[in-house]
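Comments concern the structure below.
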Amino acid sequence: MSKEMKEKAPKKRQDEDFDMDDAMDEGKGRRKFSSGGKKKSCRFMSGEEDINNINYKNPKFLSTFMTEHGKIVSRRITGNCAMVQRKLALEIKRARNLGLLGFTGIGPNFN
Amino acid sequence: MAKKLPGYETTIITRVDMSDESLKTLKDRLFAIVKDFGGELVYQEDWGKRKFSYPMQKEVRGQYTHIVFTGSTGVVAELERNLRLNESTLRFMTVVLAKEFNKEEYMKQLGTGTPLKREERTEAAPAAI
């Protein structure tokens with residue numbers, strides 16, 4: 001058991017600084033998930049990012065949580081906590097309604 | 001002192017070919033409504049002309065106006081009724097900021113972290129008024 005954990009440890013570290021785009025490129029179900037390791041904490045809760053940036057008036061920032069086809073990236077990929085993800089989804093939808101973000105594709109302003 | 005009024009922010013998208021005067025009369029009418037409901041206009045901003053991410057009512061670009069105001073019950077309904085009557089209005093959206101709006105607090109955070117950053121806006125819409 002302990003041997004297994006040791007083997008897993010370096011792998012974890014790689015996971016921690018993974019890039020969102022890389023994760024998307026890997027395709028669905030490709031990324032391996034282990035239940036035992038340290039959980040990735042939400043980047044808004046850890047103070048890495050300002051939660052006030054999640055606002056429909058800030059479409060450029062919101063677009064970082066969308067795929068190139070305009071889909072909202074899941075919590076599984078981004079590591080956001082539930083509260084942040086709810087807010088993020090709401091604000092992205094608001095921005096979409098105002099034409100600041102697209103329903104298909106992120107829009108002309110940030111390409 | 002009486003309870004504080006709720007605060008709202010409304011973003012209005014109008015047609016690009018709407019003249020400056022008619023936009024001004026529309027805004028003046030909205031401000032009059034806010035006053036009628038005992039509120040005040042806290043902040044007003046033009047985001048300029050922006051390209052849409054997708055066409056709206058066959059328009060590709062639109063003129064964005066953003067207003068922040070307070071007012072008693074019914075102010076949003078009346079405001080949106082008037083916006084609907086105006087044919088140059090493509091779309092609008094109102095968001096409740098707080099049930100008890102604090103103007104000082106709002107103005108303070110406005111200076112530090114205004115979303116839709118200025119440079120981004122001018123980049124997207126060099127043809128702003």
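Starting from 1 in every chain, residues are counted up; chains themselves are A, B, ... following the order of the structure tokens, and ligands are numbered from 1 as listed.
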If the cut-off is 8 Å, can you tell me the residues of chain A near chain B, counting only C-alpha atoms? I'd like them as a PDB file with C-alpha atoms, in the first residue's frame.
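The result, stored in part-v8.pdb:
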ATOM      1  CA  ASN A  53     -13.547  38.855 -11.738  1.00  0.00           C
ATOM      2  CA  ASN A  55     -18.749  38.944 -13.851  1.00  0.00           C
ATOM      3  CA  LYS A  57     -18.917  42.524 -17.729  1.00  0.00           C
ATOM      4  CA  ASN A  58     -15.605  40.711 -17.905  1.00  0.00           C
ATOM      5  CA  PRO A  59     -16.131  38.400 -20.890  1.00  0.00           C
ATOM      6  CA  LEU A  98     -25.815  40.318 -24.134  1.00  0.00           C
ATOM      7  CA  GLY A  99     -23.828  39.101 -27.105  1.00  0.00           C
ATOM      8  CA  LEU A 100     -20.538  39.484 -25.237  1.00  0.00           C
ATOM      9  CA  LEU A 101     -19.885  35.759 -25.429  1.00  0.00           C
ATOM     10  CA  GLY A 102     -21.108  33.265 -27.968  1.00  0.00           C
ATOM     11  CA  ILE A 106     -16.394  32.424 -27.693  1.00  0.00           C
ATOM     12  CA  GLY A 107     -16.999  35.351 -29.987  1.00  0.00           C
ATOM     13  CA  PRO A 108     -15.255  37.799 -32.270  1.00  0.00           C
ATOM     14  CA  ASN A 109     -13.698  39.970 -29.603  1.00  0.00           C
TER      15      ASN A 109
END
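If you measure from each of B:Lys103, B:Gly7, B:Leu97, B:His66 to Gly48 in chain B using only C-alpha atoms, the closest one turns out to be B:His66.
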Among range 39-116 of chain B, which residues carry a DSSP assignment of helix (DSSP H, G or I), reported as an NGL selection string?
-> :B and (75-85 or 103-113)
CA of Ala32 in chain B to CA of Ser19 in chain B: how many Å, to one decimal?
-> 20.1 Å
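In this comparison, which uses only C-alpha atoms, the residue of B:Gln63, B:Glu80, B:Lys3, B:Val42 approaching Tyr106 in chain B most closely is B:Val42.
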